[in-house]
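Chemist: File query-v7.pdb follows (PDB, C-alpha atoms and all ligand atoms):
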MODEL        1
ATOM      1  CA  MET U   1     100.248 111.106 137.028
ATOM      2  CA  ASP U   2     101.258 113.265 134.069
ATOM      3  CA  HIS U   3     100.838 110.468 131.521
ATOM      4  CA  THR U   4      97.870 108.761 133.172
ATOM      5  CA  ALA U   5      94.537 108.960 131.391
ATOM      6  CA  LEU U   6      91.095 108.280 132.792
ATOM      7  CA  LEU U   7      88.549 106.439 130.673
ATOM      8  CA  TYR U   8      84.988 106.932 131.814
ATOM      9  CA  PHE U   9      82.656 104.123 130.728
ATOM     10  CA  VAL U  10      79.269 105.722 130.123
ATOM     11  CA  GLY U  11      76.005 104.272 128.859
ATOM     12  CA  PRO U  12      72.455 103.229 129.671
ATOM     13  CA  ALA U  13      71.692 100.888 132.577
ATOM     14  CA  GLY U  14      72.484  97.338 131.597
ATOM     15  CA  ALA U  15      74.557  98.386 128.562
ATOM     16  CA  GLY U  16      77.473  96.413 129.943
ATOM     17  CA  LYS U  17      79.698  99.120 131.473
ATOM     18  CA  SER U  18      80.786  97.144 134.523
ATOM     19  CA  THR U  19      81.341  93.983 132.514
ATOM     20  CA  LEU U  20      83.386  95.867 129.913
ATOM     21  CA  VAL U  21      85.570  97.443 132.602
ATOM     22  CA  ALA U  22      86.208  93.952 134.002
ATOM     23  CA  THR U  23      86.843  92.378 130.595
ATOM     24  CA  LEU U  24      89.090  95.141 129.308
ATOM     25  CA  GLN U  25      91.056  95.166 132.539
ATOM     26  CA  GLU U  26      91.569  91.432 132.332
ATOM     27  CA  TRP U  27      92.621  91.732 128.695
ATOM     28  CA  MET U  28      95.067  94.521 129.615
ATOM     29  CA  GLN U  29      96.522  92.485 132.463
ATOM     30  CA  HIS U  30      97.071  89.574 130.119
ATOM     31  CA  TYR U  31      99.146  91.769 127.793
ATOM     32  CA  ARG U  32     100.848  93.501 130.739
ATOM     33  CA  TYR U  33      99.239  96.839 130.023
ATOM     34  CA  ASP U  34      98.576  99.020 132.943
ATOM     35  CA  GLY U  35      94.862  99.457 133.724
ATOM     36  CA  VAL U  36      93.420 100.204 137.153
ATOM     37  CA  ALA U  37      89.668 100.056 137.761
ATOM     38  CA  ILE U  38      87.657 102.652 139.657
ATOM     39  CA  ASN U  39      84.058 102.080 140.691
ATOM     40  CA  LEU U  40      81.978 105.254 140.792
ATOM     41  CA  ASP U  41      78.662 103.383 140.921
ATOM     42  CA  PRO U  42      77.338 103.463 144.490
ATOM     43  CA  GLY U  43      74.404 101.320 143.383
ATOM     44  CA  SER U  44      76.330  98.257 142.266
ATOM     45  CA  GLU U  45      75.951  95.168 144.425
ATOM     46  CA  THR U  46      78.991  93.258 143.253
ATOM     47  CA  VAL U  47      81.517  94.139 140.606
ATOM     48  CA  ALA U  48      83.503  91.643 138.565
ATOM     49  CA  TYR U  49      86.774  93.557 138.852
ATOM     50  CA  GLU U  50      88.950  94.644 141.686
ATOM     51  CA  ALA U  51      88.445  98.367 142.153
ATOM     52  CA  ALA U  52      91.458 100.292 143.444
ATOM     53  CA  ILE U  53      89.114 103.145 144.272
ATOM     54  CA  ASP U  54      85.513 102.376 145.167
ATOM     55  CA  VAL U  55      82.945 105.062 145.910
ATOM     56  CA  ARG U  56      80.971 102.525 147.953
ATOM     57  CA  GLU U  57      83.555 103.017 150.696
ATOM     58  CA  LYS U  58      81.969 106.452 151.119
ATOM     59  CA  PHE U  59      78.288 105.810 150.418
ATOM     60  CA  THR U  60      75.934 103.383 148.735
ATOM     61  CA  VAL U  61      72.508 103.847 147.207
ATOM     62  CA  SER U  62      70.891 101.678 149.887
ATOM     63  CA  GLN U  63      72.523 103.677 152.706
ATOM     64  CA  ILE U  64      71.261 106.936 151.199
ATOM     65  CA  MET U  65      67.767 105.467 150.721
ATOM     66  CA  GLU U  66      67.633 104.639 154.386
ATOM     67  CA  GLU U  67      69.250 107.798 155.668
ATOM     68  CA  TYR U  68      67.054 110.202 153.689
ATOM     69  CA  SER U  69      63.951 107.978 153.372
ATOM     70  CA  LEU U  70      64.211 108.050 149.589
ATOM     71  CA  GLY U  71      63.262 105.611 146.869
ATOM     72  CA  PRO U  72      65.971 104.164 144.612
ATOM     73  CA  ASN U  73      65.674 106.892 141.964
ATOM     74  CA  GLY U  74      65.862 109.798 144.390
ATOM     75  CA  ALA U  75      68.743 108.141 146.201
ATOM     76  CA  GLN U  76      70.666 107.698 142.943
ATOM     77  CA  VAL U  77      70.353 111.407 142.212
ATOM     78  CA  VAL U  78      71.591 112.305 145.707
ATOM     79  CA  CYS U  79      74.475 109.860 145.227
ATOM     80  CA  ALA U  80      75.359 111.397 141.874
ATOM     81  CA  ASP U  81      75.609 114.797 143.580
ATOM     82  CA  LEU U  82      77.605 113.381 146.492
ATOM     83  CA  LEU U  83      80.361 112.482 144.034
ATOM     84  CA  ALA U  84      81.340 116.153 144.004
ATOM     85  CA  VAL U  85      81.664 116.112 147.796
ATOM     86  CA  GLU U  86      84.143 113.253 147.517
ATOM     87  CA  LEU U  87      86.136 114.909 144.738
ATOM     88  CA  ASP U  88      89.239 115.525 146.868
ATOM     89  CA  TRP U  89      89.153 111.981 148.225
ATOM     90  CA  ILE U  90      88.952 110.567 144.693
ATOM     91  CA  LYS U  91      91.596 112.890 143.306
ATOM     92  CA  GLU U  92      94.036 112.140 146.128
ATOM     93  CA  GLN U  93      93.830 108.432 145.449
ATOM     94  CA  VAL U  94      94.088 108.859 141.697
ATOM     95  CA  ASP U  95      97.208 110.983 142.179
ATOM     96  CA  GLU U  96      98.795 108.335 144.365
ATOM     97  CA  ILE U  97      98.390 105.498 141.900
ATOM     98  CA  ASN U  98     100.839 105.274 139.059
ATOM     99  CA  CYS U  99      99.346 103.632 135.974
ATOM    100  CA  ASP U 100      98.684 104.263 132.289
ATOM    101  CA  TYR U 101      94.893 104.076 132.399
ATOM    102  CA  PHE U 102      92.152 104.261 134.953
ATOM    103  CA  LEU U 103      89.048 102.402 133.790
ATOM    104  CA  VAL U 104      86.209 104.252 135.461
ATOM    105  CA  ASP U 105      82.870 102.491 135.880
ATOM    106  CA  THR U 106      80.055 105.044 136.177
ATOM    107  CA  PRO U 107      76.580 104.905 137.772
ATOM    108  CA  GLY U 108      73.865 102.738 136.255
ATOM    109  CA  GLN U 109      71.891 105.357 134.354
ATOM    110  CA  THR U 110      73.499 107.499 131.654
ATOM    111  CA  GLU U 111      71.736 110.664 132.721
ATOM    112  CA  LEU U 112      73.174 110.450 136.236
ATOM    113  CA  PHE U 113      76.575 110.859 134.702
ATOM    114  CA  LEU U 114      75.807 113.086 131.727
ATOM    115  CA  TYR U 115      73.377 115.578 133.184
ATOM    116  CA  ARG U 116      74.370 116.109 136.813
ATOM    117  CA  GLU U 117      76.800 118.904 137.558
ATOM    118  CA  ALA U 118      78.817 116.779 139.963
ATOM    119  CA  SER U 119      80.216 114.445 137.327
ATOM    120  CA  LYS U 120      81.185 117.397 135.145
ATOM    121  CA  VAL U 121      83.066 118.892 138.093
ATOM    122  CA  LEU U 122      84.664 115.513 138.680
ATOM    123  CA  VAL U 123      85.758 114.955 135.081
ATOM    124  CA  GLU U 124      87.094 118.495 134.776
ATOM    125  CA  ASN U 125      89.026 118.372 138.030
ATOM    126  CA  VAL U 126      90.444 114.900 138.469
ATOM    127  CA  SER U 127      92.565 115.020 135.339
ATOM    128  CA  PRO U 128      92.490 116.838 132.008
ATOM    129  CA  ARG U 129      93.673 113.624 130.362
ATOM    130  CA  ALA U 130      90.369 111.851 130.087
ATOM    131  CA  GLY U 131      88.131 110.217 127.543
ATOM    132  CA  ILE U 132      84.684 108.679 127.393
ATOM    133  CA  VAL U 133      83.991 105.163 126.230
ATOM    134  CA  LEU U 134      80.358 105.531 125.219
ATOM    135  CA  LEU U 135      78.413 102.284 125.149
ATOM    136  CA  LEU U 136      75.706 101.986 122.520
ATOM    137  CA  ASP U 137      72.941  99.474 123.016
ATOM    138  CA  PRO U 138      73.060  96.780 120.306
ATOM    139  CA  LEU U 139      69.353  96.069 119.999
ATOM    140  CA  LEU U 140      68.408  99.739 119.827
ATOM    141  CA  SER U 141      71.201 100.409 117.330
ATOM    142  CA  ARG U 142      69.849  97.858 114.876
ATOM    143  CA  THR U 143      67.251 100.164 113.351
ATOM    144  CA  PRO U 144      68.071 103.528 111.719
ATOM    145  CA  ASP U 145      65.836 105.536 114.043
ATOM    146  CA  GLY U 146      67.072 103.633 117.088
ATOM    147  CA  PHE U 147      70.628 104.340 115.995
ATOM    148  CA  VAL U 148      69.855 108.058 115.599
ATOM    149  CA  THR U 149      68.655 108.203 119.194
ATOM    150  CA  GLN U 150      72.006 106.724 120.219
ATOM    151  CA  LEU U 151      73.779 109.403 118.183
ATOM    152  CA  LEU U 152      71.762 112.002 120.055
ATOM    153  CA  LEU U 153      73.013 110.537 123.275
ATOM    154  CA  ALA U 154      76.531 110.661 121.876
ATOM    155  CA  SER U 155      76.139 114.314 120.906
ATOM    156  CA  ALA U 156      74.762 115.142 124.373
ATOM    157  CA  ALA U 157      77.817 113.461 125.879
ATOM    158  CA  HIS U 158      80.069 115.356 123.511
ATOM    159  CA  LEU U 159      78.473 118.689 124.379
ATOM    160  CA  ARG U 160      78.737 118.061 128.107
ATOM    161  CA  PHE U 161      82.256 116.680 127.984
ATOM    162  CA  PRO U 162      84.467 118.052 125.220
ATOM    163  CA  ILE U 163      87.012 115.269 125.624
ATOM    164  CA  PRO U 164      87.886 112.376 123.282
ATOM    165  CA  MET U 165      84.984 110.008 122.865
ATOM    166  CA  PHE U 166      85.164 106.374 121.883
ATOM    167  CA  PRO U 167      81.749 105.047 120.885
ATOM    168  CA  VAL U 168      81.439 101.280 121.122
ATOM    169  CA  LEU U 169      78.644  99.010 120.074
ATOM    170  CA  THR U 170      78.378  96.648 123.026
ATOM    171  CA  LYS U 171      77.276  93.027 123.301
ATOM    172  CA  CYS U 172      77.832  92.591 119.581
ATOM    173  CA  ASP U 173      77.444  88.833 120.122
ATOM    174  CA  LEU U 174      73.707  89.538 120.324
ATOM    175  CA  LEU U 175      73.629  90.771 116.713
ATOM    176  CA  LYS U 176      74.240  88.930 113.470
ATOM    177  CA  PRO U 177      77.612  89.797 111.894
ATOM    178  CA  GLU U 178      75.851  91.552 108.995
ATOM    179  CA  GLU U 179      73.837  93.652 111.452
ATOM    180  CA  VAL U 180      77.053  94.706 113.179
ATOM    181  CA  ASP U 181      78.578  95.663 109.816
ATOM    182  CA  ASN U 182      75.490  97.637 108.947
ATOM    183  CA  VAL U 183      75.524  99.675 112.170
ATOM    184  CA  ARG U 184      79.231 100.351 111.772
ATOM    185  CA  GLU U 185      78.598 101.559 108.251
ATOM    186  CA  TRP U 186      75.918 103.991 109.468
ATOM    187  CA  ALA U 187      78.382 105.382 112.001
ATOM    188  CA  ALA U 188      81.038 105.873 109.356
ATOM    189  CA  ASN U 189      78.672 107.275 106.751
ATOM    190  CA  LEU U 190      75.730 109.315 107.939
ATOM    191  CA  ASP U 191      74.557 109.784 104.332
ATOM    192  CA  LYS U 192      73.978 106.053 104.187
ATOM    193  CA  LEU U 193      72.093 106.292 107.476
ATOM    194  CA  ALA U 194      69.933 109.089 106.039
ATOM    195  CA  MET U 195      69.130 106.929 103.019
ATOM    196  CA  ASP U 196      68.144 104.027 105.221
ATOM    197  CA  MET U 197      65.884 106.132 107.416
ATOM    198  CA  PRO U 198      62.243 105.192 107.011
ATOM    199  CA  ASN U 199      60.313 107.622 104.833
ATOM    200  CA  LEU U 200      58.871 109.621 107.648
ATOM    201  CA  SER U 201      56.378 112.205 106.658
ATOM    202  CA  GLY U 202      55.861 115.668 108.084
ATOM    203  CA  MET U 203      57.449 116.746 111.305
ATOM    204  CA  SER U 204      59.350 113.601 112.128
ATOM    205  CA  GLY U 205      60.833 113.397 108.620
ATOM    206  CA  VAL U 206      62.156 116.958 108.763
ATOM    207  CA  LEU U 207      63.264 116.450 112.320
ATOM    208  CA  SER U 208      65.277 113.372 111.598
ATOM    209  CA  SER U 209      66.968 114.720 108.466
ATOM    210  CA  GLU U 210      67.766 118.028 110.187
ATOM    211  CA  LEU U 211      69.031 116.082 113.167
ATOM    212  CA  LEU U 212      71.370 114.107 110.972
ATOM    213  CA  LYS U 213      72.839 117.357 109.667
ATOM    214  CA  VAL U 214      73.433 118.529 113.215
ATOM    215  CA  LEU U 215      75.098 115.244 114.033
ATOM    216  CA  GLN U 216      77.265 115.611 110.967
ATOM    217  CA  VAL U 217      78.277 119.121 112.027
ATOM    218  CA  LEU U 218      79.159 117.762 115.453
ATOM    219  CA  ALA U 219      81.488 115.428 113.549
ATOM    220  CA  LEU U 220      80.093 112.334 115.073
ATOM    221  CA  GLU U 221      80.791 110.352 111.978
ATOM    222  CA  SER U 222      83.180 107.971 113.537
ATOM    223  CA  ASN U 223      84.881 104.674 113.640
ATOM    224  CA  LEU U 224      82.407 102.728 115.739
ATOM    225  CA  LEU U 225      83.983  99.738 117.415
ATOM    226  CA  ALA U 226      82.029  96.576 118.050
ATOM    227  CA  VAL U 227      82.866  94.791 121.299
ATOM    228  CA  SER U 228      81.596  91.776 123.162
ATOM    229  CA  SER U 229      82.644  91.246 126.747
ATOM    230  CA  LYS U 230      81.025  87.854 126.600
ATOM    231  CA  GLU U 231      83.199  86.701 123.706
ATOM    232  CA  GLY U 232      86.171  88.884 124.640
ATOM    233  CA  GLU U 233      85.886  90.496 121.217
ATOM    234  CA  GLY U 234      87.145  93.929 120.233
ATOM    235  CA  MET U 235      89.311  94.598 123.314
ATOM    236  CA  ASP U 236      92.404  94.961 121.120
ATOM    237  CA  ASP U 237      90.616  97.468 118.854
ATOM    238  CA  LEU U 238      89.358  99.455 121.807
ATOM    239  CA  TYR U 239      92.744  99.540 123.464
ATOM    240  CA  SER U 240      94.574 100.538 120.313
ATOM    241  CA  ILE U 241      92.198 103.391 119.478
ATOM    242  CA  VAL U 242      92.480 104.703 123.037
ATOM    243  CA  GLN U 243      96.224 104.272 122.916
ATOM    244  CA  SER U 244      96.548 106.121 119.627
ATOM    245  CA  THR U 245      94.683 109.060 121.170
ATOM    246  CA  PHE U 246      96.577 109.215 124.442
ATOM    247  CA  ALA U 247      99.986 107.787 123.650
ATOM    248  CA  GLY U 248     100.454 108.048 119.915
ATOM    249  CA  GLY U 249      99.770 104.319 119.629
ATOM    250  CA  ASP U 250     103.377 103.327 119.998
ATOM    251  CA  ASP U 251     103.437 100.698 122.725
ATOM    252  CA  LEU U 252     100.888  98.248 121.339
ATOM    253  CA  GLU U 253     103.245  96.551 118.903
ATOM    254  CA  ALA U 254     106.062  96.362 121.433
ATOM    255  CA  HIS U 255     103.888  94.671 124.043
ATOM    256  CA  THR U 256     102.253  92.270 121.634
ATOM    257  CA  ASP U 257     105.647  91.156 120.335
ATOM    258  CA  SER U 258     106.965  90.387 123.786
ATOM    259  CA  ASN U 259     104.020  88.148 124.628
TER     260      ASN U 259
HETATM  261  N1  LIG N   1      75.424  88.812 125.615
HETATM  262  C1  LIG N   1      76.163  89.684 126.307
HETATM  263  N2  LIG N   1      75.780  90.091 127.538
HETATM  264  C2  LIG N   1      76.542  90.984 128.200
HETATM  265  C3  LIG N   1      77.752  91.489 127.644
HETATM  266  N3  LIG N   1      78.284  92.374 128.527
HETATM  267  C4  LIG N   1      77.452  92.405 129.588
HETATM  268  N4  LIG N   1      76.398  91.573 129.409
HETATM  269  C5  LIG N   1      75.284  91.324 130.340
HETATM  270  O1  LIG N   1      74.488  92.506 130.431
HETATM  271  C6  LIG N   1      74.018  92.696 131.772
HETATM  272  C7  LIG N   1      74.368  94.080 132.283
HETATM  273  O2  LIG N   1      75.764  94.207 132.348
HETATM  274  P1  LIG N   1      76.473  95.266 133.314
HETATM  275  O3  LIG N   1      77.930  95.210 133.014
HETATM  276  O4  LIG N   1      76.075  95.058 134.715
HETATM  277  O5  LIG N   1      75.832  96.622 132.770
HETATM  278  P2  LIG N   1      75.936  98.107 133.372
HETATM  279  O6  LIG N   1      74.652  98.392 134.057
HETATM  280  O7  LIG N   1      76.100  99.005 132.170
HETATM  281  O8  LIG N   1      77.132  98.146 134.278
HETATM  282  C8  LIG N   1      74.619  91.554 132.594
HETATM  283  O9  LIG N   1      73.670  90.556 132.742
HETATM  284  C9  LIG N   1      75.797  91.094 131.760
HETATM  285  O10 LIG N   1      76.079  89.731 131.955
HETATM  286  C10 LIG N   1      78.156  91.018 126.346
HETATM  287  O11 LIG N   1      79.176  91.398 125.775
HETATM  288  N5  LIG N   1      77.314  90.126 125.733
HETATM  289 MG    MG N   2      77.309  98.664 136.270
ENDMDL
END
Could you spell out this file's structure in structure tokens?
Modeler:
Amino acid sequence: MDHTALLYFVGPAGAGKSTLVATLQEWMQHYRYDGVAINLDPGSETVAYEAAIDVREKFTVSQIMEEYSLGPNGAQVVCADLLAVELDWIKEQVDEINCDYFLVDTPGQTELFLYREASKVLVENVSPRAGIVLLLDPLLSRTPDGFVTQLLLASAAHLRFPIPMFPVLTKCDLLKPEEVDNVREWAANLDKLAMDMPNLSGMSGVLSSELLKVLQVLALESNLLAVSSKEGEGMDDLYSIVQSTFAGGDDLEAHTDSN
């Protein structure tokens, strides 16, 4: 367990978390890398990967809806809190499995993972070797102001979880190649993003330029990866950036050569 790292896949509902876990795991299996999936989303109906640990064995959103006479939103919040109750159960299983990476699929809505205390307790206690793969919505990221809102989400994630963060632009097949390049350039160069911001007057203008400074201070200028689970694109980039953080990046070449 000492070398194992957990990667939490976090992002808005429908961003493609579950699909990315499945696609990356498949890609890893193909290259004989060691990735084991965990499903922490009690609301998912079916998942496209085989989860070694699945929170639905303990509870599901529909069970909680029935048991507590709650609607889907209330039930999801209760479920998010119940994760803390199952901490020992999760940790025991994680400790028993020997692998390089756990790919952890998280509940549908970002805020259930980012803002509830239970997931913080979970991340802090299961293993200190952990990172967040933060999924950015492609359509929202296309415009400068839409991209800034994604950076705000990234900074919220960073404040809540001071662990390595790997922002990825998902479903990049939905954007034109030049749009993908443009978004990646904004991520790498916030000054360029500031220049491309619409000339907002008054409050919103000050707000957005001040916000950009805050984001810069938080050092969120980063190498944004573009991935597409649909096209199987970017899995190698994602794996190698994760690997260079957790393992010094040394096994990628070796594995690729032997395949
Ligand atoms: N075009 C495209 N669609 C995708 C991609 N990844 C996921 N999707 C679709 O987006 C929807 C939501 O994906 P899902 O993985 O369930 O999102 P989650 O709620 O974040 O777990 C599904 O209909 C997927 O088929 C992708 O790379 N490209
Ligand atoms: Mg999902």
Chemist: All residues within 10 Å of ligand MG 2 (chain N) are required, counting all atoms listed in the file; please report them as a VMD selection string.
Modeler: chain U and resid 9 to 21 39 to 48 105 to 109
Chemist: Provide an axis-aligned box for all listed atoms of ligand LIG 1 (chain N), padding each side by 6 Å; report its centre and its edge lengths in Å to one decimal, as JSON.
Modeler:
{"center_x": 76.4, "center_y": 93.9, "center_z": 130.2, "size_x": 17.5, "size_y": 22.2, "size_z": 21.1}
Chemist: One decimal, Å: what's the distance from CA of Leu122 (chain U) over to CA of Ala37 (chain U), could you say?
Modeler: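 Calculated distance between CA of Leu122 (chain U) and CA of Ala37 (chain U) is 16.3 Å.
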Chemist: If you apply the PyMOL selection byres (((chain U and resi 171-188) around 10) and not hetatm) to this file, what residues do you get, as number ranges by chain?
Modeler: U: 15-16, 20, 135-139, 141-144, 147-148, 151, 167-170, 189-196, 220-234
Chemist: I want to know what sits within 12 Å of Ile163 (chain U), based on only C-alpha atoms, with residues of the same chain fewer than 6 positions away left out; could you give that as an mmCIF file with C-alpha atoms, in the frame of the given file?
Modeler:
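Saved as result.cif:
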data_model
loop_
_atom_site.group_PDB
_atom_site.id
_atom_site.type_symbol
_atom_site.label_atom_id
_atom_site.label_comp_id
_atom_site.auth_asym_id
_atom_site.auth_seq_id
_atom_site.Cartn_x
_atom_site.Cartn_y
_atom_site.Cartn_z
ATOM 1 C CA ALA U 5 94.537 108.960 131.391
ATOM 2 C CA LEU U 6 91.095 108.280 132.792
ATOM 3 C CA LEU U 7 88.549 106.439 130.673
ATOM 4 C CA TYR U 8 84.988 106.932 131.814
ATOM 5 C CA LYS U 120 81.185 117.397 135.145
ATOM 6 C CA VAL U 123 85.758 114.955 135.081
ATOM 7 C CA GLU U 124 87.094 118.495 134.776
ATOM 8 C CA SER U 127 92.565 115.020 135.339
ATOM 9 C CA PRO U 128 92.490 116.838 132.008
ATOM 10 C CA ARG U 129 93.673 113.624 130.362
ATOM 11 C CA ALA U 130 90.369 111.851 130.087
ATOM 12 C CA GLY U 131 88.131 110.217 127.543
ATOM 13 C CA ILE U 132 84.684 108.679 127.393
ATOM 14 C CA VAL U 133 83.991 105.163 126.230
ATOM 15 C CA LEU U 134 80.358 105.531 125.219
ATOM 16 C CA SER U 155 76.139 114.314 120.906
ATOM 17 C CA ALA U 157 77.817 113.461 125.879
ATOM 18 C CA THR U 245 94.683 109.060 121.170
ATOM 19 C CA PHE U 246 96.577 109.215 124.442
#
Chemist: Please, what distance in Å, to one decimal, runs between CA of Glu96 (chain U) and CA of Tyr31 (chain U)?
Modeler: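 Separating CA of Glu96 (chain U) from CA of Tyr31 (chain U) is a distance of 23.4 Å.
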Chemist: To one decimal place, how far is CA of Ser62 (chain U) from CA of Gln76 (chain U) in Å?
Modeler: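 Computed distance, CA of Ser62 (chain U) to CA of Gln76 (chain U), equals 9.2 Å.
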Chemist: Pull out every residue that the PyMOL selection byres (((chain U and resi 35) around 9) and not hetatm) matches in the shown coordinates and put them as number ranges by chain.
Modeler: U: 24-26, 28-29, 32-34, 36-37, 99-103
Chemist: Go through U:Thr60, U:Gln243, U:Ser69, U:Gln216 one by one, measure the shortest atom-to-atom distance of each to Leu83 (chain U) using only C-alpha atoms, and give the residue with the smallest value.
Modeler: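 The shortest atom-to-atom distance to Leu83 (chain U) comes from U:Thr60.
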Chemist: With distances taken over only C-alpha atoms and all ligand atoms, which residue among U:Met235, U:Glu67, U:Cys79, U:Glu210 lies nearest ligand LIG 1 (chain N)?
Modeler: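 Result for the nearest residue to ligand LIG 1 (chain N): U:Met235.
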Chemist: Check the smallest atom-to-atom distance from each of U:Leu82, U:Arg56, U:Asn73, U:Val104 to ligand LIG 1 (chain N) using all atoms listed in the file, then report the winner.
Modeler: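 Ranking U:Leu82, U:Arg56, U:Asn73, U:Val104 by distance to ligand LIG 1 (chain N), first place goes to U:Val104.
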Chemist: Pick from U:Ala156, U:Phe166, U:Thr149, U:Lys58: nearest to Ser240 (chain U), with only C-alpha atoms counted?
Modeler: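 Closest residue, counting only C-alpha atoms: U:Phe166.
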